[in-house]
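Structure below is work-v9.tsv: TSV, N, CA and C atoms and all ligand atoms.
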```
chain	number	residue	atom	x	y	z
H	104	MET	N	-21.28	-40.74	-0.06
H	104	MET	CA	-21.82	-39.42	-0.40
H	104	MET	C	-21.64	-38.45	0.76
H	105	ASN	N	-22.09	-38.91	1.94
H	105	ASN	CA	-21.91	-38.04	3.10
H	105	ASN	C	-20.44	-37.78	3.40
H	106	MET	N	-19.62	-38.81	3.22
H	106	MET	CA	-18.19	-38.67	3.49
H	106	MET	C	-17.57	-37.63	2.56
H	107	ARG	N	-17.96	-37.71	1.27
H	107	ARG	CA	-17.37	-36.76	0.31
H	107	ARG	C	-17.77	-35.33	0.67
H	108	LEU	N	-19.02	-35.17	1.06
H	108	LEU	CA	-19.49	-33.83	1.43
H	108	LEU	C	-18.71	-33.31	2.64
H	109	ALA	N	-18.56	-34.19	3.64
H	109	ALA	CA	-17.87	-33.77	4.86
H	109	ALA	C	-16.42	-33.38	4.57
H	110	SER	N	-15.73	-34.19	3.74
H	110	SER	CA	-14.32	-33.84	3.51
H	110	SER	C	-14.22	-32.58	2.66
H	111	GLY	N	-15.21	-32.35	1.79
H	111	GLY	CA	-15.22	-31.12	1.02
H	111	GLY	C	-15.32	-29.91	1.92
H	112	LEU	N	-16.18	-30.00	2.93
H	112	LEU	CA	-16.35	-28.89	3.85
H	112	LEU	C	-15.09	-28.64	4.66
H	113	THR	N	-14.44	-29.75	5.07
H	113	THR	CA	-13.21	-29.60	5.85
H	113	THR	C	-12.14	-28.90	5.02
H	114	LEU	N	-12.06	-29.29	3.74
H	114	LEU	CA	-11.07	-28.68	2.86
H	114	LEU	C	-11.37	-27.19	2.72
H	115	ALA	N	-12.66	-26.86	2.53
H	115	ALA	CA	-13.02	-25.45	2.39
H	115	ALA	C	-12.64	-24.67	3.64
H	116	ALA	N	-12.90	-25.26	4.81
H	116	ALA	CA	-12.58	-24.59	6.06
H	116	ALA	C	-11.07	-24.40	6.19
H	117	ALA	N	-10.32	-25.43	5.80
H	117	ALA	CA	-8.86	-25.37	5.91
H	117	ALA	C	-8.31	-24.28	4.99
H	118	LEU	N	-8.93	-24.10	3.81
H	118	LEU	CA	-8.47	-23.07	2.88
H	118	LEU	C	-8.87	-21.68	3.37
H	119	ALA	N	-10.06	-21.59	3.96
H	119	ALA	CA	-10.57	-20.28	4.36
H	119	ALA	C	-9.86	-19.74	5.59
H	120	LEU	N	-9.48	-20.61	6.51
H	120	LEU	CA	-8.96	-20.14	7.78
H	120	LEU	C	-7.70	-19.30	7.69
H	121	PRO	N	-6.66	-19.77	6.99
H	121	PRO	CA	-5.44	-18.94	6.93
H	121	PRO	C	-5.72	-17.61	6.24
H	122	PHE	N	-6.67	-17.63	5.26
H	122	PHE	CA	-7.00	-16.41	4.54
H	122	PHE	C	-7.61	-15.39	5.49
H	123	VAL	N	-8.57	-15.86	6.29
H	123	VAL	CA	-9.25	-14.97	7.22
H	123	VAL	C	-8.27	-14.42	8.24
H	124	SER	N	-7.41	-15.28	8.80
H	124	SER	CA	-6.50	-14.79	9.82
H	124	SER	C	-5.45	-13.86	9.19
H	125	GLY	N	-5.09	-14.10	7.92
H	125	GLY	CA	-4.16	-13.19	7.24
H	125	GLY	C	-4.74	-11.80	7.13
H	126	CYS	N	-6.02	-11.71	6.78
H	126	CYS	CA	-6.69	-10.41	6.68
H	126	CYS	C	-6.72	-9.71	8.02
H	127	ALA	N	-7.03	-10.47	9.07
H	127	ALA	CA	-7.16	-9.87	10.39
H	127	ALA	C	-5.84	-9.24	10.81
H	128	SER	N	-4.73	-9.92	10.57
H	128	SER	CA	-3.46	-9.36	11.01
H	128	SER	C	-3.07	-8.17	10.13
H	129	ASP	N	-3.46	-8.17	8.84
H	129	ASP	CA	-3.19	-7.02	7.99
H	129	ASP	C	-3.87	-5.77	8.52
H	130	SER	N	-5.19	-5.89	8.84
H	130	SER	CA	-5.90	-4.69	9.27
H	130	SER	C	-5.41	-4.26	10.65
H	131	GLY	N	-4.94	-5.22	11.46
H	131	GLY	CA	-4.35	-4.86	12.74
H	131	GLY	C	-3.14	-3.98	12.53
H	132	ASP	N	-2.32	-4.32	11.55
H	132	ASP	CA	-1.12	-3.52	11.26
H	132	ASP	C	-1.48	-2.09	10.83
H	133	THR	N	-2.52	-1.97	9.98
H	133	THR	CA	-2.82	-0.64	9.46
H	133	THR	C	-3.39	0.27	10.55
H	134	THR	N	-4.11	-0.29	11.53
H	134	THR	CA	-4.62	0.58	12.60
H	134	THR	C	-3.49	0.97	13.54
H	135	ALA	N	-2.51	0.08	13.71
H	135	ALA	CA	-1.43	0.35	14.64
H	135	ALA	C	-0.49	1.42	14.09
H	136	THR	N	-0.26	1.43	12.78
H	136	THR	CA	0.72	2.33	12.19
H	136	THR	C	0.02	3.41	11.37
H	137	PRO	N	0.11	4.68	11.74
H	137	PRO	CA	-0.49	5.72	10.89
H	137	PRO	C	0.23	5.74	9.55
H	138	LEU	N	-0.55	5.80	8.48
H	138	LEU	CA	0.05	5.73	7.15
H	138	LEU	C	0.35	7.13	6.63
H	139	THR	N	1.48	7.26	5.99
H	139	THR	CA	1.82	8.51	5.33
H	139	THR	C	1.51	8.36	3.85
H	140	GLY	N	0.66	9.25	3.34
H	140	GLY	CA	0.28	9.18	1.94
H	140	GLY	C	1.38	9.69	1.03
H	141	ASN	N	1.50	9.03	-0.13
H	141	ASN	CA	2.44	9.45	-1.16
H	141	ASN	C	1.63	10.04	-2.31
H	142	ALA	N	1.72	11.36	-2.48
H	142	ALA	CA	0.87	12.06	-3.45
H	142	ALA	C	1.12	11.58	-4.88
H	143	ALA	N	2.37	11.24	-5.21
H	143	ALA	CA	2.68	10.80	-6.58
H	143	ALA	C	2.01	9.46	-6.86
H	144	ALA	N	2.09	8.54	-5.90
H	144	ALA	CA	1.40	7.25	-6.06
H	144	ALA	C	-0.10	7.48	-6.08
H	145	GLY	N	-0.57	8.45	-5.28
H	145	GLY	CA	-1.99	8.75	-5.22
H	145	GLY	C	-2.54	9.29	-6.53
H	146	ALA	N	-1.71	9.95	-7.32
H	146	ALA	CA	-2.16	10.47	-8.60
H	146	ALA	C	-2.57	9.32	-9.53
H	147	THR	N	-1.83	8.22	-9.46
H	147	THR	CA	-2.16	7.04	-10.26
H	147	THR	C	-3.46	6.41	-9.78
H	148	VAL	N	-3.62	6.31	-8.46
H	148	VAL	CA	-4.85	5.77	-7.87
H	148	VAL	C	-6.03	6.66	-8.29
H	149	PHE	N	-5.81	7.97	-8.27
H	149	PHE	CA	-6.87	8.93	-8.60
H	149	PHE	C	-7.31	8.77	-10.06
H	150	SER	N	-6.35	8.70	-10.99
H	150	SER	CA	-6.78	8.63	-12.38
H	150	SER	C	-7.50	7.32	-12.68
H	151	ALA	N	-7.14	6.25	-11.96
H	151	ALA	CA	-7.80	4.97	-12.19
H	151	ALA	C	-9.17	4.86	-11.53
H	152	ASN	N	-9.36	5.53	-10.38
H	152	ASN	CA	-10.57	5.28	-9.57
H	152	ASN	C	-11.48	6.48	-9.36
H	153	CYS	N	-10.97	7.67	-9.52
H	153	CYS	CA	-11.73	8.86	-9.11
H	153	CYS	C	-12.00	9.81	-10.27
H	154	ALA	N	-11.08	9.85	-11.24
H	154	ALA	CA	-11.16	10.86	-12.30
H	154	ALA	C	-12.43	10.75	-13.12
H	155	SER	N	-12.97	9.54	-13.27
H	155	SER	CA	-14.18	9.36	-14.08
H	155	SER	C	-15.32	10.20	-13.54
H	156	CYS	N	-15.39	10.39	-12.24
H	156	CYS	CA	-16.46	11.21	-11.65
H	156	CYS	C	-15.99	12.61	-11.28
H	157	HIS	N	-14.78	12.73	-10.71
H	157	HIS	CA	-14.33	14.02	-10.18
H	157	HIS	C	-13.50	14.80	-11.19
H	158	GLY	N	-13.22	14.20	-12.37
H	158	GLY	CA	-12.40	14.86	-13.38
H	158	GLY	C	-10.92	14.61	-13.11
H	159	SER	N	-10.11	14.54	-14.17
H	159	SER	CA	-8.69	14.20	-14.00
H	159	SER	C	-7.96	15.27	-13.20
H	160	ASP	N	-8.46	16.50	-13.23
H	160	ASP	CA	-7.86	17.58	-12.45
H	160	ASP	C	-8.58	17.79	-11.11
H	161	GLY	N	-9.57	16.93	-10.82
H	161	GLY	CA	-10.31	17.05	-9.56
H	161	GLY	C	-11.25	18.24	-9.51
H	162	LYS	N	-11.48	18.86	-10.66
H	162	LYS	CA	-12.32	20.07	-10.66
H	162	LYS	C	-13.80	19.75	-10.79
H	163	GLY	N	-14.12	18.47	-10.76
H	163	GLY	CA	-15.52	18.06	-10.75
H	163	GLY	C	-16.08	17.86	-12.16
H	164	THR	N	-17.19	17.14	-12.22
H	164	THR	CA	-17.91	16.90	-13.46
H	164	THR	C	-19.39	17.06	-13.12
H	165	GLY	N	-20.25	16.77	-14.08
H	165	GLY	CA	-21.67	16.80	-13.78
H	165	GLY	C	-22.05	15.74	-12.75
H	166	THR	N	-21.21	14.71	-12.61
H	166	THR	CA	-21.50	13.58	-11.72
H	166	THR	C	-21.07	13.84	-10.28
H	167	ALA	N	-19.93	14.51	-10.10
H	167	ALA	CA	-19.35	14.61	-8.76
H	167	ALA	C	-18.74	15.99	-8.55
H	168	PRO	N	-18.72	16.46	-7.30
H	168	PRO	CA	-18.24	17.81	-7.01
H	168	PRO	C	-16.73	17.96	-7.18
H	169	ALA	N	-16.28	19.20	-7.29
H	169	ALA	CA	-14.86	19.53	-7.32
H	169	ALA	C	-14.24	19.18	-5.97
H	170	LEU	N	-13.03	18.64	-6.01
H	170	LEU	CA	-12.30	18.34	-4.76
H	170	LEU	C	-11.32	19.46	-4.44
H	171	THR	N	-11.28	20.46	-5.33
H	171	THR	CA	-10.35	21.58	-5.18
H	171	THR	C	-10.91	22.65	-4.24
H	172	SER	N	-12.22	22.59	-3.95
H	172	SER	CA	-12.87	23.67	-3.21
H	172	SER	C	-12.39	23.75	-1.76
H	173	ALA	N	-12.48	24.95	-1.20
H	173	ALA	CA	-12.06	25.15	0.19
H	173	ALA	C	-12.88	24.26	1.13
H	174	SER	N	-14.15	24.08	0.83
H	174	SER	CA	-14.99	23.30	1.76
H	174	SER	C	-14.51	21.86	1.87
H	175	ILE	N	-13.92	21.33	0.81
H	175	ILE	CA	-13.36	19.97	0.88
H	175	ILE	C	-11.96	20.02	1.48
H	176	GLN	N	-11.16	20.99	1.07
H	176	GLN	CA	-9.78	21.05	1.55
H	176	GLN	C	-9.70	21.36	3.04
H	177	GLN	N	-10.76	21.97	3.60
H	177	GLN	CA	-10.79	22.26	5.03
H	177	GLN	C	-11.00	21.00	5.87
H	178	LYS	N	-11.50	19.94	5.26
H	178	LYS	CA	-11.77	18.71	6.01
H	178	LYS	C	-10.45	18.06	6.41
H	179	THR	N	-10.47	17.34	7.52
H	179	THR	CA	-9.25	16.69	7.99
H	179	THR	C	-8.94	15.46	7.12
H	180	ASP	N	-7.69	15.01	7.18
H	180	ASP	CA	-7.30	13.78	6.49
H	180	ASP	C	-8.17	12.61	6.94
H	181	ALA	N	-8.50	12.60	8.24
H	181	ALA	CA	-9.32	11.50	8.77
H	181	ALA	C	-10.70	11.49	8.12
H	182	THR	N	-11.28	12.68	7.91
H	182	THR	CA	-12.59	12.77	7.27
H	182	THR	C	-12.52	12.33	5.81
H	183	LEU	N	-11.51	12.81	5.09
H	183	LEU	CA	-11.38	12.43	3.68
H	183	LEU	C	-11.14	10.92	3.57
H	184	THR	N	-10.32	10.38	4.46
H	184	THR	CA	-10.04	8.94	4.46
H	184	THR	C	-11.33	8.16	4.70
H	185	ALA	N	-12.16	8.64	5.65
H	185	ALA	CA	-13.42	7.95	5.94
H	185	ALA	C	-14.37	8.02	4.75
H	186	THR	N	-14.41	9.17	4.06
H	186	THR	CA	-15.29	9.31	2.89
H	186	THR	C	-14.87	8.32	1.80
H	187	VAL	N	-13.58	8.25	1.52
H	187	VAL	CA	-13.11	7.36	0.46
H	187	VAL	C	-13.31	5.90	0.87
H	188	THR	N	-13.09	5.60	2.14
H	188	THR	CA	-13.20	4.22	2.61
H	188	THR	C	-14.66	3.75	2.62
H	189	ASN	N	-15.55	4.62	3.15
H	189	ASN	CA	-16.93	4.19	3.40
H	189	ASN	C	-17.94	4.73	2.40
H	190	GLY	N	-17.52	5.67	1.54
H	190	GLY	CA	-18.45	6.29	0.62
H	190	GLY	C	-19.29	7.34	1.32
H	191	ASP	N	-20.12	8.04	0.53
H	191	ASP	CA	-20.93	9.13	1.07
H	191	ASP	C	-22.01	9.42	0.04
H	192	GLY	N	-23.23	9.05	0.32
H	192	GLY	CA	-24.30	9.24	-0.66
H	192	GLY	C	-24.01	8.44	-1.93
H	193	THR	N	-23.93	9.12	-3.07
H	193	THR	CA	-23.64	8.40	-4.32
H	193	THR	C	-22.14	8.19	-4.53
H	194	MET	N	-21.33	8.75	-3.67
H	194	MET	CA	-19.88	8.50	-3.72
H	194	MET	C	-19.63	7.06	-3.27
H	195	PRO	N	-19.01	6.23	-4.15
H	195	PRO	CA	-18.83	4.82	-3.79
H	195	PRO	C	-17.79	4.62	-2.68
H	196	ALA	N	-17.89	3.51	-1.96
H	196	ALA	CA	-16.92	3.13	-0.94
H	196	ALA	C	-15.75	2.41	-1.60
H	197	PHE	N	-14.53	2.77	-1.20
H	197	PHE	CA	-13.34	2.13	-1.78
H	197	PHE	C	-12.60	1.27	-0.76
H	198	GLY	N	-13.20	1.07	0.42
H	198	GLY	CA	-12.52	0.32	1.47
H	198	GLY	C	-12.21	-1.11	1.11
H	199	LYS	N	-12.94	-1.67	0.14
H	199	LYS	CA	-12.67	-3.06	-0.24
H	199	LYS	C	-11.78	-3.14	-1.48
H	200	SER	N	-11.85	-2.12	-2.35
H	200	SER	CA	-11.10	-2.23	-3.60
H	200	SER	C	-9.72	-1.58	-3.51
H	201	LEU	N	-9.52	-0.67	-2.55
H	201	LEU	CA	-8.20	-0.04	-2.40
H	201	LEU	C	-7.63	-0.41	-1.03
H	202	SER	N	-6.30	-0.52	-0.96
H	202	SER	CA	-5.66	-0.79	0.33
H	202	SER	C	-5.64	0.50	1.16
H	203	ALA	N	-5.40	0.35	2.45
H	203	ALA	CA	-5.31	1.52	3.32
H	203	ALA	C	-4.20	2.46	2.83
H	204	GLN	N	-3.11	1.88	2.32
H	204	GLN	CA	-2.01	2.71	1.81
H	204	GLN	C	-2.46	3.48	0.56
H	205	GLN	N	-3.18	2.80	-0.34
H	205	GLN	CA	-3.65	3.48	-1.56
H	205	GLN	C	-4.61	4.62	-1.20
H	206	ILE	N	-5.44	4.41	-0.17
H	206	ILE	CA	-6.37	5.46	0.25
H	206	ILE	C	-5.59	6.63	0.85
H	207	ALA	N	-4.57	6.34	1.66
H	207	ALA	CA	-3.72	7.41	2.20
H	207	ALA	C	-3.04	8.17	1.06
H	208	ASP	N	-2.59	7.44	0.04
H	208	ASP	CA	-1.92	8.06	-1.11
H	208	ASP	C	-2.89	8.97	-1.87
H	209	VAL	N	-4.13	8.49	-2.09
H	209	VAL	CA	-5.07	9.28	-2.88
H	209	VAL	C	-5.51	10.52	-2.09
H	210	VAL	N	-5.60	10.41	-0.76
H	210	VAL	CA	-5.92	11.58	0.06
H	210	VAL	C	-4.79	12.61	-0.06
H	211	ALA	N	-3.54	12.14	-0.04
H	211	ALA	CA	-2.39	13.05	-0.21
H	211	ALA	C	-2.47	13.74	-1.58
H	212	HIS	N	-2.91	12.99	-2.60
H	212	HIS	CA	-3.06	13.59	-3.93
H	212	HIS	C	-4.17	14.63	-3.94
H	213	VAL	N	-5.30	14.33	-3.26
H	213	VAL	CA	-6.41	15.28	-3.19
H	213	VAL	C	-5.93	16.60	-2.58
H	214	ARG	N	-5.01	16.53	-1.61
H	214	ARG	CA	-4.44	17.74	-1.00
H	214	ARG	C	-3.73	18.60	-2.04
H	215	THR	N	-3.07	17.98	-3.00
H	215	THR	CA	-2.32	18.75	-4.00
H	215	THR	C	-3.29	19.45	-4.96
H	216	LEU	N	-4.52	18.94	-5.07
H	216	LEU	CA	-5.50	19.53	-5.99
H	216	LEU	C	-5.96	20.90	-5.51
H	217	GLY	N	-5.90	21.14	-4.21
H	217	GLY	CA	-6.35	22.40	-3.65
H	217	GLY	C	-5.30	23.50	-3.79
H	218	LYS	N	-4.10	23.15	-4.25
H	218	LYS	CA	-3.02	24.14	-4.29
H	218	LYS	C	-2.85	24.74	-5.67
Y	301	LIG	C1	-19.15	7.11	-9.22
Y	301	LIG	C2	-18.65	8.45	-9.09
Y	301	LIG	C3	-17.56	8.73	-8.08
Y	301	LIG	C4	-16.33	8.14	-7.99
Y	301	LIG	C5	-15.73	7.06	-8.86
Y	301	LIG	C6	-15.65	8.81	-6.90
Y	301	LIG	N1	-16.45	9.75	-6.33
Y	301	LIG	FE1	-16.00	10.98	-4.77
Y	301	LIG	N2	-17.85	11.72	-4.79
Y	301	LIG	C7	-18.84	11.40	-5.71
Y	301	LIG	C8	-20.04	12.16	-5.38
Y	301	LIG	C9	-21.35	12.09	-6.15
Y	301	LIG	C10	-19.75	12.91	-4.24
Y	301	LIG	C11	-20.69	13.84	-3.45
Y	301	LIG	C12	-21.30	12.98	-2.37
Y	301	LIG	C13	-22.27	13.69	-1.52
Y	301	LIG	O1	-22.02	14.85	-1.15
Y	301	LIG	O2	-23.29	13.07	-1.19
Y	301	LIG	C14	-18.35	12.64	-3.91
Y	301	LIG	C15	-17.69	13.22	-2.85
Y	301	LIG	C16	-16.34	13.06	-2.59
Y	301	LIG	C17	-15.61	13.77	-1.57
Y	301	LIG	C18	-16.16	14.84	-0.66
Y	301	LIG	C19	-16.94	14.28	0.46
Y	301	LIG	C20	-17.31	15.37	1.41
Y	301	LIG	O3	-16.95	15.23	2.58
Y	301	LIG	O4	-17.94	16.37	0.99
Y	301	LIG	C21	-14.33	13.36	-1.65
Y	301	LIG	C22	-13.15	13.82	-0.78
Y	301	LIG	C23	-14.25	12.39	-2.71
Y	301	LIG	N3	-15.50	12.23	-3.26
Y	301	LIG	C24	-13.11	11.76	-3.10
Y	301	LIG	C25	-13.05	10.74	-4.04
Y	301	LIG	C26	-11.87	9.96	-4.32
Y	301	LIG	C27	-10.51	10.21	-3.69
Y	301	LIG	C28	-12.23	9.03	-5.25
Y	301	LIG	C29	-11.39	7.92	-5.81
Y	301	LIG	C30	-10.78	7.00	-4.85
Y	301	LIG	C31	-13.64	9.25	-5.57
Y	301	LIG	N4	-14.08	10.28	-4.81
Y	301	LIG	C32	-14.35	8.52	-6.50
Y	301	LIG	C33	-18.72	10.53	-6.76
Y	301	LIG	C34	-17.64	9.73	-7.02
```

For this file, write the structure as structure tokens.
Amino acid sequence: MNMRLASGLTLAAALALPFVSGCASDSGDTTATPLTGNAAAGATVFSANCASCHGSDGKGTGTAPALTSASIQQKTDATLTATVTNGDGTMPAFGKSLSAQQIADVVAHVRTLGK
């Protein structure tokens, strides 16, 4: 009984370790290389993840503010990236569900909404 438990734990550790180190090297890459957002790819990310609250045109709904406004467009890419990654009040965090590239893409798309 004890043996089976011990080998189960070892197996779990062996499976978890490469996964954890894979994640660590991924995030290392994204901090090292500044990402360039692709607005066209970001439009797809936006309709799947943001349009339900911000509207498909980003003009806002009763749930969430317009992203077209000057007060949002004046914010830096770094600020918009942080908001999408970490959330803000009732705005959900997307840092776990979207990749850094997808977040860069959706920020590039948000820029097109102000034009
Ligand atoms: C569940 C609804 C919801 C979803 C989904 C959502 N948002 Fe928001 N978002 C909000 C709300 C509510 C606010 C206002 C938050 C506040 O001011 O406290 C907000 C605020 C923002 C802001 C402005 C923050 C600021 O600095 O004033 C940006 C930019 C933004 N959202 C982008 C996005 C993007 C991009 C997505 C998709 C990846 C998204 N949101 C998905 C509800 C949502």

Name the residues, by chain letter and number, that sit within 8 Å of ligand LIG 301 (chain Y) using only C-alpha atoms and all ligand atoms, and give them as number ranges by chain.
H: 148-149, 151-157, 166-168, 170, 174-175, 178, 182-184, 186-187, 190-195, 197, 201, 206, 209-210, 213

Backbone-only DSSP, alpha helix (DSSP H) members of range 127-212 of chain H, as a PyMOL selection string
chain H and resi 127-135+142-152+154-157+173-176+180-189+203-212

Just checking: using all atoms listed in the file, which residue out of H:Asp180, H:Ala173, H:Ala185, H:Gly158 ends up closest to Ala211 in chain H?
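For Ala211 in chain H, the nearest of the given residues is H:Asp180.
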
Padding of 8 Å on every side, edges along x, y and z, all listed atoms of range 169-174 of chain H included: what centre and edge lengths in Å, to one decimal, does that box have, as JSON?
```
{"center_x": -13.3, "center_y": 21.7, "center_z": -2.7, "size_x": 21.9, "size_y": 22.8, "size_z": 25.2}
```

Would you kindly return, as a PyMOL selection string, each protein, DNA or RNA residue with an atom no farther than 5 Å from any atom of range 139-143 of chain H, considering only N, CA and C atoms and excluding same-chain residues fewer than 5 positions away?
chain H and resi 207-208+211-212

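Our summary of the geometry notes that CA of Ser159 in chain H is positioned 25.3 Å from atom N of Leu138 in chain H.
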
If I take CA of Gln205 in chain H and CA of Ala146 in chain H, how far is one from the other in Å, to one decimal?
10.0 Å

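Relative to CA of Ser202 in chain H, atom C of Gly145 in chain H is found at 12.6 Å.
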